[in-house]
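A quick write-up on the structure given underneath.
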Amino acid sequence: MSTATKNHIGRKISRIRELRGMKQEALATALGVSQQSISNIENSETVEDTKLEEIAKALGVTAEGIKQFSEEAVFNIISNTYHNNSSDTSTLIASSLNYQPTFNTVEKIVELYERLLQAEKDKVSYLEKLVKNNQ
């Protein structure tokens, strides 16, 4: 990628928009401009800072994120977080993604079990009271 391409803000906006699954029309609507305006912006090498801030907000990124965007970085992130060593596609989600929760799963399971157990105890207690009152 040449230096001219690396610093072409319009192309970066276009790629981020495409990666977000957004059409030019949707971005235009979010910004209150025409689709042709978005096309012109995406063909521009530079975009004024205030307009870049608006575009960034509509795309759900920061203006700095647009300026620093690089497809190489995106591919590096994907290749570092996606590992499919299995030929069994049914295990794709479980085995392919490098997913590590930020909570202790065993503690969550125990907490859920304790809540379910308490709910059952409450039901038994309620039923016992109903039986006593009906006798």
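Numbering starts fresh at 1 for the residues of each chain in the structure tokens, the chains themselves are lettered A, B, ... in the order given, and ligands are numbered from 1 as they appear.
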
- Who sits within 12 Å of Glu25 (chain A), only C-alpha atoms, same chain under 6 positions skipped, as a ChimeraX atom specification: /A:17-18,31-39

Resulting file, chosen residues, all heavy atoms, as a tab-separated table (two decimals), in the first residue's frame:
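Written file, selection.tsv:
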```
chain	number	residue	atom	x	y	z
A	17	ARG	N	-16.84	1.74	6.40
A	17	ARG	CA	-18.28	1.65	6.13
A	17	ARG	C	-18.62	0.25	5.60
A	17	ARG	O	-19.58	-0.38	6.06
A	17	ARG	CB	-18.69	2.72	5.11
A	17	ARG	CG	-20.16	2.65	4.72
A	17	ARG	CD	-20.51	3.65	3.63
A	17	ARG	NE	-19.69	3.56	2.43
A	17	ARG	CZ	-19.78	2.59	1.50
A	17	ARG	NH1	-20.65	1.62	1.65
A	17	ARG	NH2	-19.01	2.61	0.43
A	18	GLU	N	-17.83	-0.24	4.68
A	18	GLU	CA	-18.06	-1.58	4.11
A	18	GLU	C	-17.90	-2.66	5.17
A	18	GLU	O	-18.69	-3.61	5.22
A	18	GLU	CB	-17.10	-1.83	2.95
A	18	GLU	CG	-17.41	-0.98	1.73
A	18	GLU	CD	-16.28	-1.00	0.69
A	18	GLU	OE1	-15.22	-1.60	0.96
A	18	GLU	OE2	-16.48	-0.41	-0.38
A	31	LEU	N	-26.09	11.06	8.21
A	31	LEU	CA	-25.44	12.38	8.21
A	31	LEU	C	-26.35	13.49	7.68
A	31	LEU	O	-25.99	14.67	7.75
A	31	LEU	CB	-24.15	12.34	7.39
A	31	LEU	CG	-23.05	11.42	7.92
A	31	LEU	CD1	-21.91	11.33	6.92
A	31	LEU	CD2	-22.55	11.92	9.26
A	32	GLY	N	-27.49	13.10	7.11
A	32	GLY	CA	-28.40	14.10	6.56
A	32	GLY	C	-27.90	14.72	5.28
A	32	GLY	O	-28.12	15.90	5.02
A	33	VAL	N	-27.20	13.90	4.47
A	33	VAL	CA	-26.69	14.37	3.18
A	33	VAL	C	-27.12	13.38	2.11
A	33	VAL	O	-27.71	12.35	2.40
A	33	VAL	CB	-25.15	14.52	3.20
A	33	VAL	CG1	-24.70	15.55	4.22
A	33	VAL	CG2	-24.46	13.19	3.46
A	34	SER	N	-26.78	13.69	0.87
A	34	SER	CA	-27.14	12.80	-0.23
A	34	SER	C	-26.10	11.68	-0.38
A	34	SER	O	-24.97	11.80	0.10
A	34	SER	CB	-27.22	13.58	-1.54
A	34	SER	OG	-25.92	14.02	-1.92
A	35	GLN	N	-26.51	10.63	-1.07
A	35	GLN	CA	-25.58	9.52	-1.34
A	35	GLN	C	-24.42	10.02	-2.18
A	35	GLN	O	-23.29	9.58	-2.01
A	35	GLN	CB	-26.35	8.39	-2.04
A	35	GLN	CG	-25.52	7.17	-2.39
A	35	GLN	CD	-24.86	7.25	-3.76
A	35	GLN	OE1	-25.42	7.84	-4.69
A	35	GLN	NE2	-23.69	6.68	-3.87
A	36	GLN	N	-24.69	10.94	-3.08
A	36	GLN	CA	-23.63	11.51	-3.92
A	36	GLN	C	-22.59	12.23	-3.07
A	36	GLN	O	-21.40	12.17	-3.36
A	36	GLN	CB	-24.23	12.46	-4.97
A	36	GLN	CG	-23.21	13.00	-5.95
A	36	GLN	CD	-22.55	11.90	-6.78
A	36	GLN	OE1	-23.20	10.98	-7.24
A	36	GLN	NE2	-21.24	12.00	-6.94
A	37	SER	N	-23.02	12.88	-1.99
A	37	SER	CA	-22.08	13.56	-1.08
A	37	SER	C	-21.14	12.54	-0.44
A	37	SER	O	-19.94	12.79	-0.30
A	37	SER	CB	-22.82	14.33	0.01
A	37	SER	OG	-23.58	15.35	-0.55
A	38	ILE	N	-21.69	11.39	-0.05
A	38	ILE	CA	-20.86	10.35	0.55
A	38	ILE	C	-19.86	9.83	-0.48
A	38	ILE	O	-18.69	9.63	-0.18
A	38	ILE	CB	-21.72	9.19	1.10
A	38	ILE	CG1	-22.65	9.69	2.20
A	38	ILE	CG2	-20.85	8.04	1.60
A	38	ILE	CD1	-21.95	10.34	3.39
A	39	SER	N	-20.32	9.64	-1.70
A	39	SER	CA	-19.43	9.20	-2.77
A	39	SER	C	-18.29	10.20	-2.96
A	39	SER	O	-17.12	9.81	-3.09
A	39	SER	CB	-20.22	9.04	-4.07
A	39	SER	OG	-19.37	8.62	-5.11
```

- Query: From the list A:Thr62, A:Ser14, A:Asn134, A:Thr29, which residue is nearest Glu45 (chain A) when using only C-alpha atoms?
  - Reply: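 Counting only C-alpha atoms, the residue closest to Glu45 (chain A) is A:Ser14.
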
- Query: For the atom pair CA of Val110 (chain A) and CA of Lys129 (chain A), what is the interatomic distance in Å to one decimal place?
  - Reply: 28.6 Å

- What is the distance, in Å and to one decimal place, between CA of Phe75 (chain A) and CA of Thr50 (chain A)?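 These atoms are spaced 29.1 Å apart.
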